>>> print(open('start.tsv').read())   # TSV, C-alpha atoms
chain	number	residue	atom	x	y	z
C	110	MET	CA	55.00	117.58	52.45
C	111	MET	CA	56.66	116.04	55.49
C	112	ASN	CA	58.26	118.27	58.08
C	113	MET	CA	62.01	118.01	58.52
C	114	SER	CA	63.03	117.00	62.04
C	115	THR	CA	66.12	118.49	63.66
C	116	SER	CA	67.04	115.75	66.11
C	117	ASN	CA	68.64	112.29	66.06
C	118	ASN	CA	70.82	110.77	63.35
C	119	MET	CA	69.66	110.03	59.83
C	120	SER	CA	67.99	106.66	59.54
C	121	GLY	CA	70.05	104.25	57.50
C	122	ASN	CA	72.04	106.76	55.45
C	123	THR	CA	74.64	109.35	56.32
C	124	ILE	CA	74.32	111.85	53.51
C	125	ARG	CA	76.33	115.02	54.03
C	126	LEU	CA	76.35	116.44	50.52
C	127	VAL	CA	73.44	116.62	48.05
C	128	VAL	CA	74.27	117.66	44.49
C	129	GLY	CA	71.66	118.91	42.03
C	130	LEU	CA	73.14	118.49	38.57
C	131	GLY	CA	72.50	120.90	35.71
C	132	ASN	CA	74.13	123.38	33.38
C	133	PRO	CA	74.60	126.98	34.57
C	134	GLY	CA	72.82	129.98	33.13
C	135	ARG	CA	69.29	131.00	32.21
C	136	LYS	CA	69.64	129.39	28.79
C	137	TYR	CA	69.64	125.92	30.36
C	138	GLN	CA	67.59	126.30	33.53
C	139	HIS	CA	64.42	124.67	32.17
C	140	ASN	CA	66.17	121.91	30.19
C	141	ARG	CA	65.51	118.24	30.91
C	142	HIS	CA	69.21	117.96	31.82
C	143	ASN	CA	68.62	120.40	34.70
C	144	ILE	CA	65.88	118.48	36.48
C	145	GLY	CA	68.31	117.54	39.27
C	146	GLU	CA	68.86	121.21	40.02
C	147	MET	CA	65.13	121.95	39.72
C	148	LEU	CA	64.24	119.39	42.39
C	149	LEU	CA	66.15	121.10	45.19
C	150	HIS	CA	63.95	124.17	44.79
C	151	TYR	CA	60.95	122.02	45.78
C	152	LEU	CA	62.26	120.93	49.19
C	153	PRO	CA	60.10	122.21	52.06
C	154	PHE	CA	62.93	124.36	53.43
C	155	SER	CA	64.29	125.57	50.08
C	156	ARG	CA	63.22	129.20	50.55
C	157	GLU	CA	65.08	129.34	53.84
C	158	LEU	CA	68.41	128.29	52.37
C	159	SER	CA	71.08	130.96	52.04
C	160	TRP	CA	73.31	130.35	49.03
C	161	GLN	CA	76.89	131.47	48.50
C	162	GLY	CA	79.24	131.13	45.57
C	163	LYS	CA	81.99	128.64	46.40
C	164	PHE	CA	83.67	125.50	45.04
C	165	LYS	CA	82.88	126.44	41.41
C	166	GLY	CA	79.23	126.33	42.38
C	167	VAL	CA	76.67	127.70	44.80
C	168	ILE	CA	76.27	125.97	48.15
C	169	SER	CA	74.05	126.11	51.20
C	170	SER	CA	73.34	123.87	54.18
C	171	TRP	CA	70.52	122.75	56.43
C	172	VAL	CA	70.38	120.70	59.62
C	173	ILE	CA	68.40	117.50	59.08
C	174	LYS	CA	67.86	115.22	62.07
C	175	GLY	CA	70.83	116.73	63.88
C	176	GLU	CA	73.21	116.43	60.93
C	177	ARG	CA	74.42	119.33	58.79
C	178	VAL	CA	73.77	118.55	55.14
C	179	TYR	CA	75.26	120.63	52.33
C	180	PHE	CA	73.39	121.33	49.10
C	181	LEU	CA	75.43	122.12	46.00
C	182	PHE	CA	74.62	123.38	42.51
C	183	PRO	CA	77.81	123.04	40.41
C	184	GLN	CA	78.26	126.06	38.16
C	185	THR	CA	80.62	124.31	35.80
C	186	TYR	CA	79.05	122.75	32.75
C	187	MET	CA	77.67	119.24	33.23
C	188	ASN	CA	80.76	117.42	31.96
C	189	LEU	CA	82.92	119.23	34.55
C	190	SER	CA	80.61	118.74	37.54
C	191	GLY	CA	83.18	116.66	39.38
C	192	GLU	CA	85.43	119.70	39.79
C	193	SER	CA	82.82	121.40	41.95
C	194	VAL	CA	81.72	118.29	43.85
C	195	ILE	CA	85.21	117.16	44.83
C	196	ALA	CA	86.17	120.69	45.92
C	197	ALA	CA	83.21	120.85	48.32
C	198	ALA	CA	83.66	117.27	49.53
C	199	THR	CA	87.38	117.78	50.18
C	200	PHE	CA	86.81	121.02	52.10
C	201	TYR	CA	84.18	119.49	54.39
C	202	GLY	CA	85.82	116.06	54.67
C	203	ILE	CA	82.95	114.24	52.99
C	204	ASP	CA	83.46	110.70	51.66
C	205	THR	CA	82.11	109.54	48.31
C	206	GLY	CA	79.59	107.28	50.08
C	207	GLU	CA	78.15	110.32	51.87
C	208	ILE	CA	77.15	112.06	48.64
C	209	LEU	CA	73.75	111.96	46.92
C	210	VAL	CA	73.67	113.13	43.30
C	211	ILE	CA	70.32	114.08	41.75
C	212	HIS	CA	70.28	113.78	37.97
C	213	ASP	CA	68.16	113.25	34.86
C	214	GLU	CA	67.74	109.67	33.68
C	215	LEU	CA	66.94	108.75	30.07
C	216	ASP	CA	66.26	105.10	30.91
C	217	LEU	CA	63.35	105.88	33.24
C	218	PRO	CA	59.97	107.08	31.97
C	219	PHE	CA	59.06	110.65	32.80
C	220	GLY	CA	57.30	110.69	36.18
C	221	GLN	CA	59.32	107.84	37.67
C	222	LEU	CA	62.37	108.01	39.90
C	223	MET	CA	64.84	105.60	41.44
C	224	PHE	CA	67.20	105.73	44.40
C	225	LYS	CA	70.36	103.66	44.13
C	226	GLN	CA	73.92	103.54	45.38
C	227	GLY	CA	76.83	102.93	43.05
C	228	GLY	CA	76.46	101.14	39.75
C	229	GLY	CA	77.16	102.26	36.22
C	230	LEU	CA	77.15	105.77	34.82
C	231	ALA	CA	74.78	105.15	31.88
C	232	GLY	CA	76.68	107.59	29.70
C	233	HIS	CA	75.77	110.54	31.91
C	234	ASN	CA	78.52	113.16	31.63
C	235	GLY	CA	77.87	114.64	35.07
C	236	LEU	CA	78.10	111.27	36.81
C	237	ARG	CA	81.17	110.38	34.77
C	238	SER	CA	82.94	113.57	35.82
C	239	ILE	CA	82.18	112.97	39.49
C	240	ALA	CA	83.34	109.34	39.31
C	241	GLU	CA	86.55	110.35	37.55
C	242	HIS	CA	87.44	112.97	40.14
C	243	PHE	CA	86.76	110.68	43.10
C	244	GLY	CA	88.07	107.50	41.51
C	245	ALA	CA	84.93	105.79	42.81
C	246	GLN	CA	81.29	105.30	41.87
C	247	ASN	CA	79.78	104.41	45.26
C	248	PHE	CA	77.94	107.70	45.70
C	249	PHE	CA	74.15	107.62	46.04
C	250	ARG	CA	71.97	108.71	43.14
C	251	LEU	CA	68.43	109.92	42.79
C	252	ARG	CA	67.57	109.25	39.14
C	253	LEU	CA	64.71	111.37	37.78
C	254	GLY	CA	63.10	109.94	34.66
C	255	ILE	CA	62.96	112.15	31.57
C	256	SER	CA	62.31	109.31	29.05
C	257	ARG	CA	64.08	108.90	25.75
C	258	PRO	CA	62.82	110.73	22.67
C	259	GLU	CA	60.00	108.84	20.96
C	260	HIS	CA	61.67	108.95	17.55
C	261	PRO	CA	65.02	107.09	17.32
C	262	SER	CA	66.29	109.69	14.87
C	263	PHE	CA	66.00	112.44	17.50
C	264	ASP	CA	69.46	113.22	18.86
C	265	VAL	CA	69.73	112.42	22.58
C	266	ALA	CA	72.01	115.41	23.23
C	267	ASP	CA	69.39	117.72	21.71
C	268	TRP	CA	66.70	116.00	23.79
C	269	VAL	CA	68.36	116.51	27.17
C	270	LEU	CA	69.21	120.11	26.28
C	271	SER	CA	65.63	120.92	25.33
C	272	ASN	CA	62.83	122.09	27.62
C	273	PHE	CA	60.01	119.87	28.80
C	274	SER	CA	57.03	120.01	26.46
C	275	GLY	CA	53.54	118.59	26.00
C	276	ASP	CA	52.15	116.48	28.85
C	277	ASP	CA	55.58	116.37	30.49
C	278	GLU	CA	55.62	120.15	30.81
C	279	ILE	CA	52.11	120.13	32.31
C	280	LYS	CA	53.00	117.43	34.84
C	281	LEU	CA	56.53	118.61	35.69
C	282	LYS	CA	55.53	120.56	38.82
C	283	LEU	CA	53.67	117.53	40.20
C	284	PHE	CA	56.62	115.25	39.44
C	285	LEU	CA	59.03	117.57	41.26
C	286	GLU	CA	56.68	117.87	44.25
C	287	LYS	CA	56.43	114.08	44.54
C	288	ALA	CA	60.18	113.68	44.03
C	289	ALA	CA	60.80	116.20	46.82
C	290	GLU	CA	58.55	114.11	49.09
C	291	ALA	CA	60.61	111.05	48.14
C	292	LEU	CA	63.84	112.87	49.00
C	293	VAL	CA	62.45	113.94	52.37
C	294	CYS	CA	61.48	110.29	52.99
C	295	PHE	CA	65.04	109.28	52.13
C	296	PHE	CA	66.38	111.74	54.71
C	297	GLU	CA	63.86	110.77	57.37
C	298	HIS	CA	63.75	106.99	56.95
C	299	GLY	CA	66.67	105.89	54.78
C	300	MET	CA	67.02	104.55	51.27
C	301	GLY	CA	65.28	101.24	51.95
C	302	LYS	CA	61.92	102.78	52.81
C	303	ALA	CA	62.21	105.56	50.22
C	304	SER	CA	63.00	102.99	47.54
C	305	SER	CA	60.08	100.74	48.48
C	306	LEU	CA	57.64	103.65	48.44
C	307	TYR	CA	58.86	105.54	45.38
C	308	ASN	CA	61.22	103.56	43.13
C	309	LYS	CA	59.77	103.16	39.64
C	310	LYS	CA	56.29	104.20	40.80
C	311	ASP	CA	54.20	106.29	38.43
C	312	LEU	CA	54.19	109.51	40.41
C	313	VAL	CA	52.32	111.73	37.96
C	314	ASP	CA	49.62	109.65	36.31
C	315	GLN	CA	48.49	108.02	39.56
C	316	GLU	CA	47.64	111.51	40.82
C	317	SER	CA	45.35	112.15	37.87
C	318	ARG	CA	43.30	108.96	38.23
>>> encode(input="start.tsv", output="structure tokens")
Amino acid sequence: MMNMSTSNNMSGNTIRLVVGLGNPGRKYQHNRHNIGEMLLHYLPFSRELSWQGKFKGVISSWVIKGERVYFLFPQTYMNLSGESVIAAATFYGIDTGEILVIHDELDLPFGQLMFKQGGGLAGHNGLRSIAEHFGAQNFFRLRLGISRPEHPSFDVADWVLSNFSGDDEIKLKLFLEKAAEALVCFFEHGMGKASSLYNKKDLVDQESR
């Protein structure tokens, strides 16, 4: 993994708050819906973060290229995530366009990711809650592919609230490691370079070839 620098301004993006979406509690911690929360545990400095309960969540911070960046796990349920995010953003004076939300994405195959800013909410309850509380959708997103269930009859709500299984379970650690590298690239070099290197690339199967 890349080392995090502690000097100069962020290249191309000013992200001051990173949100890893998921549902609280051990019951949900390995669900597909919690992959956004899982990713933050794979950052190179994750073990050095000191977490405290605040803003209906747990929050920590780290200095990246001279800028203090806050990392937040909302401890509301997914459909109330905006309550936690807006509380933290208001306290620290963070604008919507300075927020990066990491979340599961049904419309991307497992093992692919995509950085984007703004756009639709794709029926994601966590994103919807954040957009409703801010009255804006221009926050950055890191979409982590979890695929849709193979059988159309399989309920999507049951799918996102189930654990990874089969090949996905085997390759999950690799996917999160590569996604963490992509996030570090985003911090170091901005969304343009991170997108060109990682967006919609097959990050798990290319490693096995």
>>> closest_residue(input="start.tsv", among="C:Val178, C:Ala303, C:Leu312, C:Ile255", to="Asn143 (chain C)", atoms="only C-alpha atoms")
C:Ile255
>>> atom_distance(input="start.tsv", atom1="CA of Ser170 (chain C)", atom2="CA of Glu241 (chain C)")
25.2 Å
>>> closest_atom_pairs(input="start.tsv", of="region 147-173 of chain C", to="region 203-212 of chain C", cutoff="10 Å", atoms="all atoms listed in the file", output="tab-separated table")
residue	atom	partner	partner_atom	distance
C:Met147	CA	C:Ile211	CA	9.6
C:Leu148	CA	C:Ile211	CA	8.1
C:Leu149	CA	C:Ile211	CA	8.9
>>> closest_residue(input="start.tsv", among="C:Gly175, C:Pro261, C:Pro133, C:Gly229", to="Glu146 (chain C)", atoms="only C-alpha atoms")
C:Pro133
>>> atom_distance(input="start.tsv", atom1="CA of His233 (chain C)", atom2="CA of Leu189 (chain C)")
11.6 Å
>>> residues_around(input="start.tsv", residues="Ser190 (chain C)", least_positions_apart="2", cutoff="8 Å", atoms="only C-alpha atoms", output="number ranges by chain")
C: 130, 183-188, 192-194, 235-236, 238-239
>>> atom_distance(input="start.tsv", atom1="CA of Asn308 (chain C)", atom2="CA of Leu217 (chain C)")
10.4 Å
>>> closest_residue(input="start.tsv", among="C:Leu181, C:Ala289, C:Leu126, C:Leu215", to="Tyr201 (chain C)", atoms="only C-alpha atoms")
C:Leu126
>>> closest_residue(input="start.tsv", among="C:Leu281, C:Ala196, C:Leu306, C:Val269", to="Val167 (chain C)", atoms="all atoms listed in the file")
C:Ala196
>>> closest_residue(input="start.tsv", among="C:His298, C:Leu292, C:Tyr307, C:Ile279", to="Pro153 (chain C)", atoms="all atoms listed in the file")
C:Leu292
>>> axis_aligned_box(input="start.tsv", around="region 261-277 of chain C", padding_each_side="3 Å", output="lines of an AutoDock Vina configuration file")
center_x = 62.1
center_y = 114.6
center_z = 22.7
size_x = 25.9
size_y = 21.0
size_z = 21.6
>>> closest_residue(input="start.tsv", among="C:Asp314, C:Gly166, C:Lys174, C:Gly131", to="Val293 (chain C)", atoms="all atoms listed in the file")
C:Lys174
